[in-house]
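Participant: Just dropping this structure here.
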Amino acid sequence: MIKRFIMLAMAAMLTIGALNAQSTICNESTTLESLATYMDTMRTIEPQVKLFYTNLINNPTHSYRIEHLDVGFNGCTGRVDEHVVLANGTTRDNVFIFNEQGLLTRSVIQGNKGTKTEVNYTYSYDPVLGYTLKQSKSKSRTINYSPIYGDHGRRESVKGSNGSRQDYTYSEQGHLSKRVITQPGSDKRTLIYQDGYIIREEVGGKVFRYHYDFDTATGKKFLIAIKELKGSDVIHERTFDYDIDTHGRYTRVAISLDGKPQMTITRSYSK
């Protein structure tokens, strides 16, 4: 009887400890840094924390997912100032602002005629399911988004009021394996993932393979090439020569197509 009581008490303590861990890590003010640290250091991951983390980083506007000119933001937070110099010498300046959860809240992107498009993003929060994209608003358009969740609570789709849609497929282990992006008037884009990184893209009948360099100091992969394939033959290749900082963020990327320079992107980061 005493043994049974002790076992029940230990089980209760473990349960309380797990709940405390969840309440500490999974809340509205949680940071991406605290979640990433938990995921990297805990030997046993609480299912609720994993669900919260999965739904967070798989938002279409998360810094682990969003790309600009094919160069990702590798999970950064804060402000990113981007200076782009094209091969013909013209320049563009862009700004991206990510909150403490790594979600994009504002982007200002300069077009090829010098015009700038500013978009602001807002999110909804659920104590169990976490954050999801709610709205994007620019001077000319407002788009409202609706999430669809599967049986395990993972976000499986995000539907936009403009007819856009993003659909997610997960492996048996719950890791993202495929994302299908549908935009009105554009070709459907299918991205295949492995270990959180895009390895294959299919769009408009074209197939691309992504290649990375692994940095042991930061534990992250960095894009070095995107090869366009026709069968097994490489018909075009974009290459990326880069510098990174101690946080594993791109500070400079020189992009070439078939050996000819296309552009150089310089990024600076601040809170």
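Residue numbering restarts at 1 in every chain; chains get A, B, ... in the order shown in the structure tokens, and ligands count up from 1 in that same order.
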What lies within 10 Å of His68 (chain A) using only C-alpha atoms, ignoring chain neighbours under 4 positions off, as a count of residues only?
Facilitator: 7
Participant: Region 218-264 of chain A: which residues are strand (DSSP E or B) by DSSP, as number ranges by chain?
Facilitator: A: 220-230, 233-244, 250-257, 260-264
Participant: Between A:Thr132, A:Thr239, A:Ser268, A:Asn74, which one has atoms that come closest to Arg252 (chain A), using only C-alpha atoms?
Facilitator: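 Among A:Thr132, A:Thr239, A:Ser268, A:Asn74, it is A:Ser268 that comes nearest to Arg252 (chain A).
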Participant: Residues within 10 Å of Pro184 (chain A), please, as a ChimeraX atom specification. Count only C-alpha atoms; anything in the same chain fewer than 3 positions from it doesn't count.
Facilitator: /A:162-165,187-188
Participant: Taking N, CA, C and O atoms for each residue, export the selection above as a CSV table (one decimal), in the first residue's frame.
Facilitator:
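Here's the written file selection-v2.csv:
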```csv
chain,number,residue,atom,x,y,z
A,162,ASN,N,-8.2,35.9,-50.0
A,162,ASN,CA,-7.9,36.3,-51.4
A,162,ASN,C,-7.8,35.0,-52.3
A,162,ASN,O,-7.5,35.1,-53.5
A,163,GLY,N,-8.1,33.8,-51.7
A,163,GLY,CA,-8.0,32.6,-52.5
A,163,GLY,C,-6.7,31.9,-52.4
A,163,GLY,O,-6.5,30.8,-52.9
A,164,SER,N,-5.7,32.5,-51.6
A,164,SER,CA,-4.4,31.8,-51.4
A,164,SER,C,-4.6,30.6,-50.4
A,164,SER,O,-5.6,30.6,-49.6
A,165,ARG,N,-3.6,29.7,-50.4
A,165,ARG,CA,-3.7,28.6,-49.5
A,165,ARG,C,-2.3,28.0,-49.3
A,165,ARG,O,-1.5,27.9,-50.3
A,187,ASP,N,1.6,29.8,-60.4
A,187,ASP,CA,1.7,28.4,-60.4
A,187,ASP,C,1.8,27.8,-59.0
A,187,ASP,O,2.4,28.5,-58.1
A,188,LYS,N,1.3,26.7,-58.8
A,188,LYS,CA,1.3,26.0,-57.5
A,188,LYS,C,2.8,25.7,-57.2
A,188,LYS,O,3.5,25.2,-58.1
```
Participant: I'd like the interatomic distance between CA of Thr266 (chain A) and CA of Asp213 (chain A), to a tenth of an Å.
Facilitator: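 We find that CA of Thr266 (chain A) and CA of Asp213 (chain A) lie 19.1 Å from each other.
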Participant: Using only C-alpha atoms, determine which residues lie at most 12 Å from Thr216 (chain A), disregarding the query and same-chain residues fewer than 6 positions distant; provide the list as JSON, numbers by chain.
Facilitator: {"A": [222, 246, 248]}
Participant: Those selected residues, please, written with N, CA, C and O atoms and delivered as a PDB file, in the first residue's frame.
Facilitator:
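out_24.pdb, freshly written:
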```
ATOM      1  N   PHE A 222      23.356  26.169 -44.512  1.00  0.00           N
ATOM      2  CA  PHE A 222      23.279  27.394 -45.286  1.00  0.00           C
ATOM      3  C   PHE A 222      23.258  27.062 -46.772  1.00  0.00           C
ATOM      4  O   PHE A 222      24.048  26.252 -47.258  1.00  0.00           O
ATOM      5  N   THR A 246      27.956  35.159 -35.713  1.00  0.00           N
ATOM      6  CA  THR A 246      28.066  34.121 -34.671  1.00  0.00           C
ATOM      7  C   THR A 246      26.718  33.525 -34.282  1.00  0.00           C
ATOM      8  O   THR A 246      26.674  32.499 -33.607  1.00  0.00           O
ATOM      9  N   GLY A 248      24.557  32.596 -36.596  1.00  0.00           N
ATOM     10  CA  GLY A 248      24.112  31.794 -37.726  1.00  0.00           C
ATOM     11  C   GLY A 248      23.180  32.537 -38.658  1.00  0.00           C
ATOM     12  O   GLY A 248      22.298  31.938 -39.278  1.00  0.00           O
TER      13      GLY A 248
END
```
Participant: DSSP says helix (DSSP H, G or I) for which residues of region 11-189 of chain A? Put them as a PyMOL selection string?
Facilitator: chain A and resi 11-25+32-41+47-57
Participant: Got time to write the residues from that selection, N, CA, C and O atoms, as a CSV table (one decimal), in the first residue's frame?
Facilitator:
```csv
chain,number,residue,atom,x,y,z
A,11,ALA,N,4.3,9.9,-9.7
A,11,ALA,CA,3.7,10.1,-11.0
A,11,ALA,C,3.0,11.5,-11.0
A,11,ALA,O,3.1,12.3,-12.0
A,12,ALA,N,2.4,11.9,-9.8
A,12,ALA,CA,1.8,13.2,-9.7
A,12,ALA,C,2.8,14.3,-9.8
A,12,ALA,O,2.6,15.3,-10.5
A,13,MET,N,4.0,14.1,-9.2
A,13,MET,CA,5.1,15.1,-9.2
A,13,MET,C,5.6,15.3,-10.6
A,13,MET,O,5.8,16.4,-11.1
A,14,LEU,N,5.7,14.1,-11.4
A,14,LEU,CA,6.1,14.2,-12.8
A,14,LEU,C,5.1,15.0,-13.6
A,14,LEU,O,5.5,15.8,-14.5
A,15,THR,N,3.8,14.7,-13.4
A,15,THR,CA,2.8,15.4,-14.1
A,15,THR,C,2.8,16.8,-13.8
A,15,THR,O,2.7,17.7,-14.8
A,16,ILE,N,2.9,17.2,-12.6
A,16,ILE,CA,2.9,18.6,-12.2
A,16,ILE,C,4.2,19.3,-12.8
A,16,ILE,O,4.1,20.4,-13.3
A,17,GLY,N,5.3,18.6,-12.8
A,17,GLY,CA,6.5,19.1,-13.4
A,17,GLY,C,6.3,19.4,-14.9
A,17,GLY,O,6.7,20.4,-15.4
A,18,ALA,N,5.7,18.4,-15.6
A,18,ALA,CA,5.4,18.6,-17.0
A,18,ALA,C,4.5,19.8,-17.3
A,18,ALA,O,4.7,20.5,-18.2
A,19,LEU,N,3.4,19.9,-16.5
A,19,LEU,CA,2.5,21.0,-16.6
A,19,LEU,C,3.2,22.3,-16.4
A,19,LEU,O,2.9,23.3,-17.1
A,20,ASN,N,4.0,22.3,-15.4
A,20,ASN,CA,4.8,23.6,-15.1
A,20,ASN,C,5.7,24.0,-16.2
A,20,ASN,O,5.8,25.1,-16.6
A,21,ALA,N,6.3,22.9,-16.8
A,21,ALA,CA,7.2,23.2,-18.0
A,21,ALA,C,6.4,23.7,-19.1
A,21,ALA,O,6.8,24.7,-19.8
A,22,GLN,N,5.2,23.2,-19.4
A,22,GLN,CA,4.4,23.6,-20.4
A,22,GLN,C,3.9,25.1,-20.2
A,22,GLN,O,3.9,25.9,-21.1
A,23,SER,N,3.5,25.4,-18.9
A,23,SER,CA,2.9,26.7,-18.6
A,23,SER,C,4.0,27.7,-18.7
A,23,SER,O,3.8,28.9,-19.0
A,24,THR,N,5.3,27.3,-18.4
A,24,THR,CA,6.4,28.2,-18.5
A,24,THR,C,6.8,28.5,-19.9
A,24,THR,O,7.1,29.6,-20.3
A,25,ILE,N,6.8,27.5,-20.8
A,25,ILE,CA,7.3,27.6,-22.1
A,25,ILE,C,6.2,27.9,-23.1
A,25,ILE,O,6.4,28.7,-24.0
A,32,LEU,N,11.0,32.7,-29.1
A,32,LEU,CA,11.6,31.6,-30.0
A,32,LEU,C,12.8,31.0,-29.4
A,32,LEU,O,13.1,29.8,-29.4
A,33,GLU,N,13.6,31.9,-28.8
A,33,GLU,CA,14.9,31.4,-28.1
A,33,GLU,C,14.6,30.4,-27.0
A,33,GLU,O,15.3,29.3,-27.0
A,34,SER,N,13.7,30.7,-26.2
A,34,SER,CA,13.4,29.7,-25.1
A,34,SER,C,12.8,28.4,-25.6
A,34,SER,O,13.2,27.3,-25.1
A,35,LEU,N,12.0,28.5,-26.6
A,35,LEU,CA,11.4,27.2,-27.2
A,35,LEU,C,12.5,26.4,-27.9
A,35,LEU,O,12.6,25.2,-27.7
A,36,ALA,N,13.4,27.1,-28.7
A,36,ALA,CA,14.5,26.4,-29.4
A,36,ALA,C,15.4,25.8,-28.4
A,36,ALA,O,15.9,24.7,-28.6
A,37,THR,N,15.7,26.5,-27.3
A,37,THR,CA,16.6,25.9,-26.3
A,37,THR,C,16.0,24.7,-25.6
A,37,THR,O,16.7,23.7,-25.4
A,38,TYR,N,14.7,24.7,-25.3
A,38,TYR,CA,14.0,23.6,-24.8
A,38,TYR,C,14.1,22.4,-25.8
A,38,TYR,O,14.4,21.3,-25.4
A,39,MET,N,13.8,22.6,-27.0
A,39,MET,CA,13.8,21.6,-28.0
A,39,MET,C,15.2,21.0,-28.2
A,39,MET,O,15.3,19.8,-28.5
A,40,ASP,N,16.2,21.8,-28.1
A,40,ASP,CA,17.6,21.3,-28.3
A,40,ASP,C,18.2,20.6,-27.1
A,40,ASP,O,19.1,19.8,-27.3
A,41,THR,N,17.7,20.9,-25.9
A,41,THR,CA,18.4,20.4,-24.7
A,41,THR,C,17.6,19.4,-23.9
A,41,THR,O,18.2,18.6,-23.2
A,47,PRO,N,4.7,16.5,-25.4
A,47,PRO,CA,4.0,16.6,-26.7
A,47,PRO,C,3.3,18.0,-26.8
A,47,PRO,O,3.3,18.5,-28.0
A,48,GLN,N,2.9,18.6,-25.7
A,48,GLN,CA,2.2,19.9,-25.9
A,48,GLN,C,3.2,21.0,-26.3
A,48,GLN,O,2.9,21.8,-27.1
A,49,VAL,N,4.5,20.9,-25.8
A,49,VAL,CA,5.5,21.8,-26.2
A,49,VAL,C,5.9,21.6,-27.6
A,49,VAL,O,6.0,22.6,-28.4
A,50,LYS,N,6.0,20.4,-28.1
A,50,LYS,CA,6.3,20.1,-29.5
A,50,LYS,C,5.2,20.6,-30.4
A,50,LYS,O,5.5,21.2,-31.5
A,51,LEU,N,4.0,20.4,-30.0
A,51,LEU,CA,2.9,20.9,-30.8
A,51,LEU,C,2.9,22.4,-30.9
A,51,LEU,O,2.8,23.0,-32.0
A,52,PHE,N,3.1,23.1,-29.8
A,52,PHE,CA,3.2,24.6,-29.8
A,52,PHE,C,4.3,25.1,-30.7
A,52,PHE,O,4.2,26.0,-31.5
A,53,TYR,N,5.5,24.4,-30.6
A,53,TYR,CA,6.7,24.8,-31.4
A,53,TYR,C,6.4,24.5,-32.8
A,53,TYR,O,6.7,25.4,-33.7
A,54,THR,N,5.9,23.4,-33.2
A,54,THR,CA,5.6,23.0,-34.6
A,54,THR,C,4.6,24.0,-35.2
A,54,THR,O,4.9,24.5,-36.3
A,55,ASN,N,3.5,24.3,-34.5
A,55,ASN,CA,2.6,25.3,-35.1
A,55,ASN,C,3.2,26.7,-35.2
A,55,ASN,O,2.8,27.4,-36.1
A,56,LEU,N,4.1,27.0,-34.3
A,56,LEU,CA,4.7,28.3,-34.4
A,56,LEU,C,5.6,28.5,-35.6
A,56,LEU,O,5.4,29.3,-36.5
A,57,ILE,N,6.6,27.6,-35.7
A,57,ILE,CA,7.6,27.7,-36.8
A,57,ILE,C,7.0,27.4,-38.2
A,57,ILE,O,7.6,27.8,-39.2
```
Participant: Could the residues of region 184-269 of chain A that have an atom at most 6 Å from region 173-180 of chain A be listed as a Markdown table, each with its closest atom pair and the distance in Å to one decimal, counting only C-alpha atoms and ordered by chain and ascending residue number?
Facilitator:
```
| residue | atom | partner | partner_atom | distance |
| --- | --- | --- | --- | --- |
| A:Arg189 | CA | A:Val180 | CA | 5.7 |
| A:Thr190 | CA | A:Val180 | CA | 4.5 |
| A:Leu191 | CA | A:Arg179 | CA | 5.2 |
| A:Ile192 | CA | A:Lys178 | CA | 4.6 |
| A:Tyr193 | CA | A:Ser177 | CA | 4.7 |
```
Participant: Which residues, written as a count of residues only, have at least one atom at most 8 Å from region 98-104 of chain A, with only C-alpha atoms counted and residues fewer than 4 positions away on the same chain left out?
Facilitator: 17
Participant: Counting only C-alpha atoms, which of A:Cys26, A:Val84, A:Ile226, A:Val119 gets nearest to Arg106 (chain A)?
Facilitator: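 Of the candidates, the smallest distance to Arg106 (chain A) is held by A:Val119.
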Participant: Find the spatial neighbours of Arg238 (chain A), counting only C-alpha atoms, within a cut-off of 10 Å - ignore same-chain residues fewer than 4 positions away - and output them as a list in words.
Facilitator: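 Residues meeting the cut-off are Tyr210, Ile224, Ala225, Ile226, Lys227, Glu228, Ile255, Ser256, Leu257, Asp258, Gly259, Lys260, Pro261 and Gln262 of chain A.
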Participant: Just the selected residues (all heavy atoms), exported as a short mmCIF file (atom, residue, chain, number, x, y, z; two decimals), in the first residue's frame, please.
Facilitator:
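For reference, again14.cif as written:
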```cif
data_model
loop_
_atom_site.label_atom_id
_atom_site.label_comp_id
_atom_site.auth_asym_id
_atom_site.auth_seq_id
_atom_site.Cartn_x
_atom_site.Cartn_y
_atom_site.Cartn_z
N TYR A 210 17.83 21.75 -53.84
CA TYR A 210 18.53 22.69 -52.96
C TYR A 210 19.71 21.98 -52.30
O TYR A 210 19.58 20.85 -51.83
CB TYR A 210 17.58 23.20 -51.87
CG TYR A 210 16.55 24.21 -52.35
CD1 TYR A 210 15.61 23.89 -53.34
CD2 TYR A 210 16.51 25.49 -51.81
CE1 TYR A 210 14.67 24.81 -53.77
CE2 TYR A 210 15.57 26.43 -52.23
CZ TYR A 210 14.65 26.08 -53.21
OH TYR A 210 13.72 27.00 -53.64
N ILE A 224 23.83 26.84 -50.54
CA ILE A 224 24.97 27.12 -51.42
C ILE A 224 24.61 27.00 -52.90
O ILE A 224 25.30 27.56 -53.75
CB ILE A 224 26.17 26.20 -51.10
CG1 ILE A 224 25.77 24.72 -51.23
CG2 ILE A 224 26.73 26.51 -49.73
CD1 ILE A 224 26.95 23.77 -51.10
N ALA A 225 23.50 26.27 -53.22
CA ALA A 225 23.14 26.13 -54.64
C ALA A 225 21.70 25.69 -54.80
O ALA A 225 21.17 24.95 -53.95
CB ALA A 225 24.06 25.13 -55.34
N ILE A 226 21.06 26.16 -55.87
CA ILE A 226 19.76 25.66 -56.31
C ILE A 226 19.93 25.25 -57.76
O ILE A 226 20.25 26.07 -58.62
CB ILE A 226 18.65 26.72 -56.19
CG1 ILE A 226 18.49 27.17 -54.73
CG2 ILE A 226 17.33 26.16 -56.71
CD1 ILE A 226 17.45 28.28 -54.56
N LYS A 227 19.75 23.95 -58.03
CA LYS A 227 19.97 23.42 -59.37
C LYS A 227 18.63 23.10 -60.03
O LYS A 227 17.82 22.37 -59.46
CB LYS A 227 20.83 22.16 -59.30
CG LYS A 227 22.23 22.41 -58.74
CD LYS A 227 23.05 21.14 -58.68
CE LYS A 227 24.45 21.41 -58.12
NZ LYS A 227 25.27 20.17 -58.06
N GLU A 228 18.41 23.66 -61.23
CA GLU A 228 17.22 23.34 -62.00
C GLU A 228 17.51 22.10 -62.83
O GLU A 228 18.50 22.04 -63.56
CB GLU A 228 16.82 24.50 -62.90
CG GLU A 228 15.54 24.22 -63.68
CD GLU A 228 15.14 25.36 -64.59
OE1 GLU A 228 15.68 26.48 -64.42
OE2 GLU A 228 14.30 25.13 -65.48
N ILE A 255 24.96 36.12 -55.12
CA ILE A 255 24.19 35.14 -55.88
C ILE A 255 24.57 35.22 -57.35
O ILE A 255 24.62 36.31 -57.95
CB ILE A 255 22.68 35.40 -55.73
CG1 ILE A 255 22.29 35.39 -54.24
CG2 ILE A 255 21.88 34.34 -56.48
CD1 ILE A 255 20.85 35.77 -53.98
N SER A 256 24.86 34.06 -57.94
CA SER A 256 25.20 33.98 -59.36
C SER A 256 24.30 32.97 -60.05
O SER A 256 23.82 32.01 -59.42
CB SER A 256 26.66 33.56 -59.54
OG SER A 256 27.54 34.51 -58.97
N LEU A 257 24.05 33.18 -61.34
CA LEU A 257 23.28 32.24 -62.16
C LEU A 257 24.17 31.75 -63.29
O LEU A 257 24.65 32.56 -64.10
CB LEU A 257 22.02 32.91 -62.72
CG LEU A 257 21.18 32.05 -63.68
CD1 LEU A 257 20.64 30.82 -62.95
CD2 LEU A 257 20.04 32.87 -64.27
N ASP A 258 24.41 30.45 -63.31
CA ASP A 258 25.28 29.83 -64.32
C ASP A 258 26.63 30.54 -64.41
O ASP A 258 27.18 30.79 -65.50
CB ASP A 258 24.59 29.83 -65.69
CG ASP A 258 23.31 29.00 -65.68
OD1 ASP A 258 23.22 28.06 -64.87
OD2 ASP A 258 22.40 29.31 -66.46
N GLY A 259 27.14 30.91 -63.23
CA GLY A 259 28.46 31.53 -63.17
C GLY A 259 28.50 33.04 -63.35
O GLY A 259 29.55 33.66 -63.17
N LYS A 260 27.36 33.65 -63.70
CA LYS A 260 27.30 35.10 -63.90
C LYS A 260 26.65 35.77 -62.69
O LYS A 260 25.57 35.36 -62.27
CB LYS A 260 26.52 35.44 -65.17
CG LYS A 260 27.15 34.90 -66.45
CD LYS A 260 26.32 35.28 -67.67
CE LYS A 260 26.96 34.75 -68.94
NZ LYS A 260 26.16 35.11 -70.15
N PRO A 261 27.29 36.81 -62.12
CA PRO A 261 26.74 37.48 -60.94
C PRO A 261 25.34 38.03 -61.19
O PRO A 261 25.08 38.63 -62.24
CB PRO A 261 27.74 38.60 -60.68
CG PRO A 261 29.01 38.13 -61.30
CD PRO A 261 28.59 37.36 -62.53
N GLN A 262 24.43 37.80 -60.23
CA GLN A 262 23.08 38.35 -60.29
C GLN A 262 22.89 39.51 -59.33
O GLN A 262 22.40 40.56 -59.70
CB GLN A 262 22.05 37.26 -59.97
CG GLN A 262 21.64 36.39 -61.13
CD GLN A 262 20.41 35.58 -60.78
OE1 GLN A 262 20.34 34.93 -59.73
NE2 GLN A 262 19.42 35.61 -61.65
#
```
Participant: At what distance in Å, to one decimal, does CA of Lys230 (chain A) lie from CA of Gly205 (chain A)?
Facilitator: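 Answer for the CA of Gly205 (chain A) to CA of Lys230 (chain A) separation: 10.0 Å.
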Participant: Out of A:Ile97, A:Ile244, A:Val207, A:Met263, which residue has the shortest atom-to-atom distance to Leu229 (chain A) when counting only C-alpha atoms?
Facilitator: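 For Leu229 (chain A), the nearest of the given residues is A:Val207.
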Participant: When distances are computed from only C-alpha atoms, which of A:Val85, A:Thr142, A:Glu67, A:Lys113 shows the smallest separation from Ala254 (chain A)?
Facilitator: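 With only C-alpha atoms as the atom set, the closest residue is A:Val85.
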Participant: Taking into account only C-alpha atoms, which residue in the set A:His211, A:Arg65, A:Lys206, A:Arg249 is nearest to Gly231 (chain A)?
Facilitator: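 Smallest separation from Gly231 (chain A) among the options: A:Lys206.
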Participant: Using CA of Thr251 (chain A) and CA of Leu223 (chain A) as the two end points, give the distance in Å to one decimal.
Facilitator: 13.2 Å
